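start-v9.cif (mmCIF, N, CA and C atoms) appears below.
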```
data_coords
#
loop_
_atom_site.label_atom_id
_atom_site.label_comp_id
_atom_site.auth_asym_id
_atom_site.auth_seq_id
_atom_site.Cartn_x
_atom_site.Cartn_y
_atom_site.Cartn_z
N MET A 208 26.31 114.67 179.93
CA MET A 208 26.40 115.12 181.31
C MET A 208 25.99 116.59 181.38
N PRO A 209 25.00 116.97 182.19
CA PRO A 209 24.46 118.32 182.17
C PRO A 209 25.43 119.42 182.58
N GLY A 210 26.30 119.19 183.56
CA GLY A 210 27.18 120.23 184.05
C GLY A 210 28.41 120.46 183.21
N GLN A 211 28.61 119.66 182.21
CA GLN A 211 29.83 119.71 181.41
C GLN A 211 29.93 120.99 180.57
N ASN A 212 28.83 121.52 180.11
CA ASN A 212 28.86 122.66 179.20
C ASN A 212 28.50 123.98 179.86
N LYS A 213 28.67 124.09 181.15
CA LYS A 213 28.39 125.34 181.83
C LYS A 213 29.43 126.40 181.47
N PHE A 214 29.12 127.63 181.81
CA PHE A 214 30.04 128.74 181.60
C PHE A 214 30.30 129.39 182.96
N PRO A 215 31.20 128.78 183.75
CA PRO A 215 31.39 129.23 185.14
C PRO A 215 32.09 130.59 185.23
N ARG A 216 31.94 131.20 186.36
CA ARG A 216 32.52 132.52 186.61
C ARG A 216 34.04 132.53 186.46
N ARG A 217 34.69 131.44 186.77
CA ARG A 217 36.16 131.39 186.67
C ARG A 217 36.64 131.48 185.21
N GLU A 218 35.73 131.30 184.25
CA GLU A 218 36.08 131.39 182.84
C GLU A 218 35.66 132.72 182.22
N ARG A 219 35.34 133.70 183.05
CA ARG A 219 34.94 135.02 182.57
C ARG A 219 35.94 136.07 183.02
N LEU A 220 36.16 137.06 182.18
CA LEU A 220 36.88 138.25 182.60
C LEU A 220 35.86 139.14 183.29
N THR A 221 36.10 139.47 184.55
CA THR A 221 35.09 140.20 185.31
C THR A 221 35.53 141.60 185.73
N LYS A 222 36.81 141.86 185.77
CA LYS A 222 37.30 143.15 186.26
C LYS A 222 37.81 144.00 185.10
N GLN A 223 37.70 145.30 185.27
CA GLN A 223 38.19 146.23 184.26
C GLN A 223 39.69 146.04 184.06
N SER A 224 40.43 145.75 185.13
CA SER A 224 41.87 145.57 185.01
C SER A 224 42.22 144.36 184.14
N GLU A 225 41.39 143.32 184.17
CA GLU A 225 41.62 142.15 183.33
C GLU A 225 41.40 142.50 181.85
N TYR A 226 40.35 143.26 181.58
CA TYR A 226 40.10 143.70 180.20
C TYR A 226 41.25 144.56 179.71
N LEU A 227 41.68 145.52 180.54
CA LEU A 227 42.77 146.41 180.14
C LEU A 227 44.06 145.66 179.88
N ASP A 228 44.33 144.63 180.67
CA ASP A 228 45.52 143.80 180.46
C ASP A 228 45.48 143.14 179.09
N VAL A 229 44.33 142.60 178.72
CA VAL A 229 44.19 141.93 177.42
C VAL A 229 44.32 142.96 176.30
N TYR A 230 43.70 144.14 176.45
CA TYR A 230 43.78 145.17 175.41
C TYR A 230 45.23 145.64 175.22
N ARG A 231 45.93 145.85 176.31
CA ARG A 231 47.29 146.40 176.23
C ARG A 231 48.33 145.38 175.78
N ASN A 232 48.24 144.18 176.31
CA ASN A 232 49.29 143.18 176.07
C ASN A 232 48.91 142.12 175.05
N GLY A 233 47.66 142.12 174.64
CA GLY A 233 47.19 141.06 173.76
C GLY A 233 47.45 141.33 172.29
N GLU A 234 47.29 140.28 171.53
CA GLU A 234 47.42 140.36 170.08
C GLU A 234 46.04 140.65 169.52
N LYS A 235 45.97 141.52 168.53
CA LYS A 235 44.70 141.98 167.98
C LYS A 235 44.47 141.35 166.61
N GLN A 236 43.29 140.76 166.43
CA GLN A 236 42.87 140.22 165.15
C GLN A 236 41.58 140.93 164.77
N VAL A 237 41.53 141.46 163.55
CA VAL A 237 40.38 142.24 163.12
C VAL A 237 39.62 141.50 162.03
N GLY A 238 38.33 141.39 162.22
CA GLY A 238 37.43 140.81 161.22
C GLY A 238 36.34 141.81 160.87
N ARG A 239 35.47 141.43 159.96
CA ARG A 239 34.39 142.32 159.54
C ARG A 239 33.39 142.56 160.66
N ALA A 240 33.10 141.53 161.45
CA ALA A 240 32.07 141.63 162.47
C ALA A 240 32.61 141.78 163.89
N PHE A 241 33.83 141.30 164.15
CA PHE A 241 34.39 141.33 165.50
C PHE A 241 35.86 141.72 165.47
N ILE A 242 36.32 142.24 166.60
CA ILE A 242 37.74 142.41 166.86
C ILE A 242 38.05 141.48 168.01
N CYS A 243 39.13 140.73 167.89
CA CYS A 243 39.51 139.76 168.92
C CYS A 243 40.86 140.15 169.51
N TYR A 244 40.89 140.35 170.80
CA TYR A 244 42.13 140.58 171.53
C TYR A 244 42.41 139.33 172.33
N ALA A 245 43.64 138.82 172.25
CA ALA A 245 43.96 137.59 172.98
C ALA A 245 45.37 137.67 173.54
N VAL A 246 45.52 137.15 174.74
CA VAL A 246 46.81 137.08 175.40
C VAL A 246 46.90 135.75 176.13
N ARG A 247 48.09 135.21 176.22
CA ARG A 247 48.30 133.96 176.95
C ARG A 247 48.74 134.28 178.37
N ARG A 248 48.07 133.68 179.34
CA ARG A 248 48.40 133.84 180.76
C ARG A 248 48.52 132.46 181.37
N HIS A 249 49.75 131.97 181.48
CA HIS A 249 50.00 130.61 181.95
C HIS A 249 49.53 130.44 183.40
N GLY A 250 48.83 129.35 183.62
CA GLY A 250 48.36 129.01 184.95
C GLY A 250 47.07 129.69 185.37
N GLN A 251 46.49 130.52 184.53
CA GLN A 251 45.26 131.23 184.92
C GLN A 251 44.03 130.68 184.23
N GLY A 252 44.18 129.73 183.33
CA GLY A 252 43.03 129.15 182.65
C GLY A 252 42.51 130.05 181.54
N ARG A 253 41.58 129.50 180.75
CA ARG A 253 41.00 130.29 179.66
C ARG A 253 39.87 131.15 180.19
N LYS A 254 39.80 132.38 179.66
CA LYS A 254 38.77 133.32 180.09
C LYS A 254 38.25 134.10 178.90
N LEU A 255 36.99 134.50 178.98
CA LEU A 255 36.33 135.23 177.91
C LEU A 255 35.78 136.56 178.42
N GLY A 256 35.95 137.58 177.60
CA GLY A 256 35.34 138.87 177.84
C GLY A 256 34.63 139.32 176.58
N ILE A 257 33.53 140.04 176.74
CA ILE A 257 32.74 140.50 175.59
C ILE A 257 32.44 141.98 175.78
N ALA A 258 32.65 142.75 174.71
CA ALA A 258 32.33 144.18 174.74
C ALA A 258 31.43 144.50 173.54
N VAL A 259 30.23 145.00 173.83
CA VAL A 259 29.29 145.37 172.78
C VAL A 259 28.80 146.78 173.08
N SER A 260 29.16 147.71 172.23
CA SER A 260 28.82 149.12 172.41
C SER A 260 27.36 149.40 172.05
N ARG A 261 26.84 150.51 172.54
CA ARG A 261 25.48 150.92 172.19
C ARG A 261 25.38 151.31 170.72
N LYS A 262 26.50 151.54 170.07
CA LYS A 262 26.49 151.87 168.65
C LYS A 262 26.02 150.67 167.81
N ILE A 263 26.10 149.49 168.37
CA ILE A 263 25.74 148.26 167.65
C ILE A 263 24.23 148.18 167.46
N GLY A 264 23.48 148.60 168.44
CA GLY A 264 22.03 148.53 168.33
C GLY A 264 21.37 148.62 169.69
N LYS A 265 20.09 148.35 169.70
CA LYS A 265 19.31 148.37 170.94
C LYS A 265 19.72 147.19 171.83
N ALA A 266 19.20 147.17 173.04
CA ALA A 266 19.58 146.15 174.03
C ALA A 266 19.31 144.73 173.54
N VAL A 267 18.24 144.54 172.81
CA VAL A 267 17.90 143.20 172.31
C VAL A 267 19.01 142.68 171.40
N VAL A 268 19.50 143.53 170.52
CA VAL A 268 20.56 143.15 169.58
C VAL A 268 21.87 142.90 170.32
N ARG A 269 22.20 143.79 171.25
CA ARG A 269 23.45 143.65 172.01
C ARG A 269 23.44 142.36 172.83
N ASN A 270 22.34 142.09 173.51
CA ASN A 270 22.25 140.88 174.33
C ASN A 270 22.29 139.61 173.48
N ARG A 271 21.67 139.65 172.29
CA ARG A 271 21.71 138.50 171.40
C ARG A 271 23.15 138.21 170.97
N LEU A 272 23.90 139.25 170.63
CA LEU A 272 25.30 139.06 170.23
C LEU A 272 26.13 138.47 171.38
N LYS A 273 25.89 138.95 172.58
CA LYS A 273 26.63 138.41 173.73
C LYS A 273 26.28 136.95 173.96
N ARG A 274 25.02 136.58 173.80
CA ARG A 274 24.63 135.17 173.93
C ARG A 274 25.31 134.32 172.87
N TYR A 275 25.36 134.81 171.64
CA TYR A 275 26.01 134.08 170.55
C TYR A 275 27.50 133.86 170.86
N VAL A 276 28.19 134.91 171.29
CA VAL A 276 29.62 134.79 171.57
C VAL A 276 29.86 133.82 172.72
N ARG A 277 29.07 133.91 173.78
CA ARG A 277 29.21 132.99 174.91
C ARG A 277 28.98 131.55 174.47
N GLU A 278 27.98 131.33 173.63
CA GLU A 278 27.67 129.98 173.18
C GLU A 278 28.79 129.41 172.31
N VAL A 279 29.34 130.22 171.43
CA VAL A 279 30.47 129.75 170.61
C VAL A 279 31.65 129.40 171.49
N PHE A 280 31.95 130.25 172.45
CA PHE A 280 33.06 129.98 173.38
C PHE A 280 32.79 128.69 174.16
N ARG A 281 31.59 128.55 174.67
CA ARG A 281 31.24 127.41 175.50
C ARG A 281 31.32 126.10 174.72
N THR A 282 30.84 126.09 173.50
CA THR A 282 30.81 124.85 172.73
C THR A 282 32.15 124.50 172.10
N HIS A 283 33.03 125.49 171.93
CA HIS A 283 34.32 125.22 171.29
C HIS A 283 35.50 125.37 172.24
N ARG A 284 35.24 125.45 173.53
CA ARG A 284 36.35 125.68 174.45
C ARG A 284 37.31 124.50 174.54
N SER A 285 36.88 123.30 174.19
CA SER A 285 37.79 122.15 174.22
C SER A 285 38.88 122.29 173.16
N CYS A 286 38.62 123.05 172.10
CA CYS A 286 39.61 123.27 171.04
C CYS A 286 40.44 124.52 171.29
N LEU A 287 40.06 125.31 172.28
CA LEU A 287 40.73 126.57 172.57
C LEU A 287 41.93 126.34 173.49
N ALA A 288 42.96 127.16 173.34
CA ALA A 288 44.14 127.06 174.19
C ALA A 288 43.75 127.20 175.66
N ASP A 289 44.38 126.40 176.53
CA ASP A 289 44.02 126.37 177.95
C ASP A 289 44.35 127.65 178.71
N ASP A 290 45.28 128.44 178.21
CA ASP A 290 45.74 129.61 178.95
C ASP A 290 45.39 130.92 178.25
N ALA A 291 44.39 130.91 177.39
CA ALA A 291 44.04 132.09 176.60
C ALA A 291 43.03 132.98 177.33
N HIS A 292 43.32 134.25 177.36
CA HIS A 292 42.36 135.26 177.80
C HIS A 292 41.95 136.01 176.53
N VAL A 293 40.66 135.98 176.22
CA VAL A 293 40.17 136.50 174.95
C VAL A 293 39.06 137.53 175.21
N VAL A 294 39.12 138.64 174.48
CA VAL A 294 38.05 139.64 174.52
C VAL A 294 37.56 139.84 173.09
N PHE A 295 36.26 139.71 172.90
CA PHE A 295 35.64 139.99 171.60
C PHE A 295 34.92 141.32 171.68
N VAL A 296 35.22 142.20 170.74
CA VAL A 296 34.56 143.49 170.63
C VAL A 296 33.71 143.44 169.37
N ALA A 297 32.42 143.65 169.52
CA ALA A 297 31.51 143.59 168.37
C ALA A 297 31.62 144.86 167.55
N ARG A 298 31.57 144.70 166.24
CA ARG A 298 31.55 145.82 165.31
C ARG A 298 30.12 145.93 164.74
N PRO A 299 29.77 147.06 164.14
CA PRO A 299 28.39 147.23 163.65
C PRO A 299 27.91 146.14 162.70
N ALA A 300 28.80 145.54 161.93
CA ALA A 300 28.39 144.48 161.00
C ALA A 300 27.90 143.24 161.73
N ALA A 301 28.26 143.08 162.98
CA ALA A 301 27.86 141.90 163.75
C ALA A 301 26.36 141.88 164.03
N ALA A 302 25.73 143.04 164.04
CA ALA A 302 24.30 143.12 164.37
C ALA A 302 23.44 142.35 163.39
N ALA A 303 23.90 142.18 162.16
CA ALA A 303 23.10 141.51 161.13
C ALA A 303 23.36 140.01 161.05
N LEU A 304 24.27 139.49 161.87
CA LEU A 304 24.65 138.08 161.77
C LEU A 304 23.68 137.16 162.49
N ASP A 305 23.48 135.98 161.93
CA ASP A 305 22.77 134.94 162.65
C ASP A 305 23.82 134.11 163.40
N TYR A 306 23.39 133.09 164.13
CA TYR A 306 24.32 132.33 164.95
C TYR A 306 25.41 131.66 164.13
N ALA A 307 25.06 131.04 163.02
CA ALA A 307 26.05 130.31 162.21
C ALA A 307 27.13 131.24 161.66
N ALA A 308 26.72 132.41 161.18
CA ALA A 308 27.68 133.38 160.67
C ALA A 308 28.56 133.93 161.78
N CYS A 309 27.97 134.13 162.94
CA CYS A 309 28.71 134.61 164.11
C CYS A 309 29.76 133.57 164.52
N GLU A 310 29.35 132.32 164.54
CA GLU A 310 30.27 131.23 164.88
C GLU A 310 31.43 131.17 163.90
N ASP A 311 31.15 131.28 162.61
CA ASP A 311 32.21 131.26 161.60
C ASP A 311 33.18 132.43 161.78
N ALA A 312 32.65 133.61 162.03
CA ALA A 312 33.49 134.80 162.20
C ALA A 312 34.41 134.66 163.41
N ILE A 313 33.87 134.15 164.51
CA ILE A 313 34.66 134.00 165.73
C ILE A 313 35.73 132.92 165.56
N GLN A 314 35.35 131.80 164.96
CA GLN A 314 36.32 130.74 164.73
C GLN A 314 37.45 131.19 163.82
N ALA A 315 37.12 131.98 162.80
CA ALA A 315 38.15 132.48 161.89
C ALA A 315 39.15 133.36 162.63
N LEU A 316 38.67 134.23 163.52
CA LEU A 316 39.56 135.09 164.29
C LEU A 316 40.42 134.29 165.25
N LEU A 317 39.84 133.28 165.89
CA LEU A 317 40.61 132.46 166.82
C LEU A 317 41.68 131.65 166.09
N ARG A 318 41.33 131.14 164.92
CA ARG A 318 42.32 130.42 164.10
C ARG A 318 43.44 131.33 163.65
N LYS A 319 43.07 132.53 163.22
CA LYS A 319 44.04 133.52 162.75
C LYS A 319 45.04 133.87 163.87
N GLY A 320 44.54 133.92 165.10
CA GLY A 320 45.39 134.23 166.24
C GLY A 320 46.13 133.02 166.80
N GLY A 321 45.90 131.85 166.22
CA GLY A 321 46.61 130.65 166.67
C GLY A 321 46.09 130.08 167.98
N LEU A 322 44.85 130.39 168.33
CA LEU A 322 44.29 129.93 169.60
C LEU A 322 43.39 128.71 169.45
N LEU A 323 42.97 128.43 168.24
CA LEU A 323 42.01 127.35 168.00
C LEU A 323 42.69 126.24 167.20
N SER A 324 42.59 125.05 167.70
CA SER A 324 43.14 123.91 166.97
C SER A 324 42.05 123.29 166.12
N GLY A 325 42.43 122.81 164.97
CA GLY A 325 41.47 122.11 164.11
C GLY A 325 40.78 122.92 163.11
#
```

Since I need it in another form, could you write the structure as structure tokens?
Amino acid sequence: MPGQNKFPRRERLTKQSEYLDVYRNGEKQVGRAFICYAVRRHGQGRKLGIAVSRKIGKAVVRNRLKRYVREVFRTHRSCLADDAHVVFVARPAAAALDYAACEDAIQALLRKGGLLSG
């Protein structure tokens, strides 16, 4: 079904206040390539935020990392907790990752935080 794997606006963190809430109240998991902040918000659904600094690289690299993170979230959201608000912050080591390595790094952080089943 074509519409099943969309990434709708309701599943994105869009406001600065939402990001700040996750940073302040969320649990932090640190990996080599990413930092994952996650908080549970009952009744608000799962949401994703991505932060990639200019220190990571040029726009092409930053946009590629954001696409990778969105794709991992989109394809694995059925295994993700329904009420999780998650923010991924890219670290400089992330710039050298391909999609498979990025997927492994993100899944490891989500598992470590208890947000991913399986």

Each segment 218-263 of chain A residue no farther than 6.5 Å from segment 300-323 of chain A, nearest pair in Å, only N, CA and C atoms, as JSON lines:
```
{"residue": "A:Gln236", "atom": "CA", "partner": "A:Leu316", "partner_atom": "CA", "distance": 6.2}
{"residue": "A:Arg239", "atom": "C", "partner": "A:Ala300", "partner_atom": "CA", "distance": 5.4}
{"residue": "A:Ala240", "atom": "CA", "partner": "A:Ala301", "partner_atom": "N", "distance": 4.1}
{"residue": "A:Phe241", "atom": "N", "partner": "A:Ala301", "partner_atom": "N", "distance": 6.0}
{"residue": "A:Ile263", "atom": "C", "partner": "A:Ala302", "partner_atom": "CA", "distance": 5.9}
```

- [ ] Can you work out the spacing between atom CA of Tyr275 of chain A and atom C of Arg231 of chain A in Å, to one decimal?
- [x]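 Result for atom CA of Tyr275 of chain A versus atom C of Arg231 of chain A: 25.6 Å, one decimal.
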
- [ ] Would you translate the PyMOL selection byres ((chain A and resi 277-279) around 8) into the concrete set of residues it matches in this file, as a list in words?
- [x]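 Applying the PyMOL selection byres ((chain A and resi 277-279) around 8) to the structure shown produces Phe214, Ile257, Arg271, Leu272, Lys273, Arg274, Tyr275, Val276, Phe280, Arg281, Thr282, His283, Arg284, Cys309, Glu310, Ile313 and Gln314 of chain A.
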
Open item on the list: I'd like to know which residues of segment 214-317 of chain A are strand (DSSP E or B) (by DSSP, run on the backbone); could you write them as JSON, numbers by chain?
Closed with: {"A": [219, 234, 235, 236, 237, 241, 242, 243, 244, 245, 246, 247, 254, 255, 256, 257, 258, 287, 291, 292, 293, 294, 295, 296, 297]}

Task: Shell of 6.5 Å around Arg248 of chain A, all atoms listed in the file, local chain residues under 5 positions omitted, as a list in words - done: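 The neighbour list is Asp290, Ala291 and His292 of chain A.
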
- [ ] Write out as a PyMOL selection string all residues of chain A that DSSP puts in alpha helix (DSSP H) for this structure's backbone.
- [x] chain A and resi 223-232+266-283+306-319

TODO: Would you mind telling me which residue in A:Arg247, A:Gly256, A:Ser224, A:Ser324 lies nearest to Cys286 of chain A when using all atoms listed in the file?
DONE: A:Ser324

Open item on the list: Suppose a student applies the PyMOL selection byres (((chain A and resi 215 and name CA) around 12) and name CA) to this structure; what residues should they get, written as a list in words?
Closed with: Gly210, Gln211, Asn212, Lys213, Phe214, Arg216, Arg217, Glu218, Arg219, Leu220, Thr221, Gly252, Arg253, Lys254, Leu255, Arg277, Phe280 and Arg281 of chain A

TODO: Measure the distance from atom CA of Ala245 of chain A to atom CA of Asn232 of chain A in Å and round it to one decimal.
DONE: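 Interatomic distance, atom CA of Ala245 of chain A to atom CA of Asn232 of chain A: 8.3 Å.
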
Task: Length of the atom N of Gln223 of chain A to atom CA of Ser285 of chain A vector [Å] - done: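 We find that atom N of Gln223 of chain A and atom CA of Ser285 of chain A lie 25.7 Å from each other.
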
Task: Nearest candidate to Arg298 of chain A (options A:Ile242, A:Lys265, A:Asp228, A:His249; using all atoms listed in the file) - done: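 Nearest candidate to Arg298 of chain A out of A:Ile242, A:Lys265, A:Asp228, A:His249: A:Ile242.
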
Which centre and which edge lengths, in Å to one decimal, describe the axis-aligned box that holds all listed atoms of segment 216-224 of chain A after 5 Å is added on each side, as JSON?
```
{"center_x": 37.1, "center_y": 138.7, "center_z": 184.5, "size_x": 20.3, "size_y": 25.0, "size_z": 14.6}
```

- [ ] Name the closest residue to Val296 of chain A among the candidates A:Tyr226, A:Cys243, A:Arg261, A:Val267; distances are taken between atoms, counting only C-alpha atoms.
- [x] A:Cys243

- [ ] Go through A:Gly233, A:Lys222, A:Ala297, A:Gly238 one by one, measure the shortest atom-to-atom distance of each to Ser260 of chain A using only N, CA and C atoms, and give the residue with the smallest value.
- [x] A:Ala297
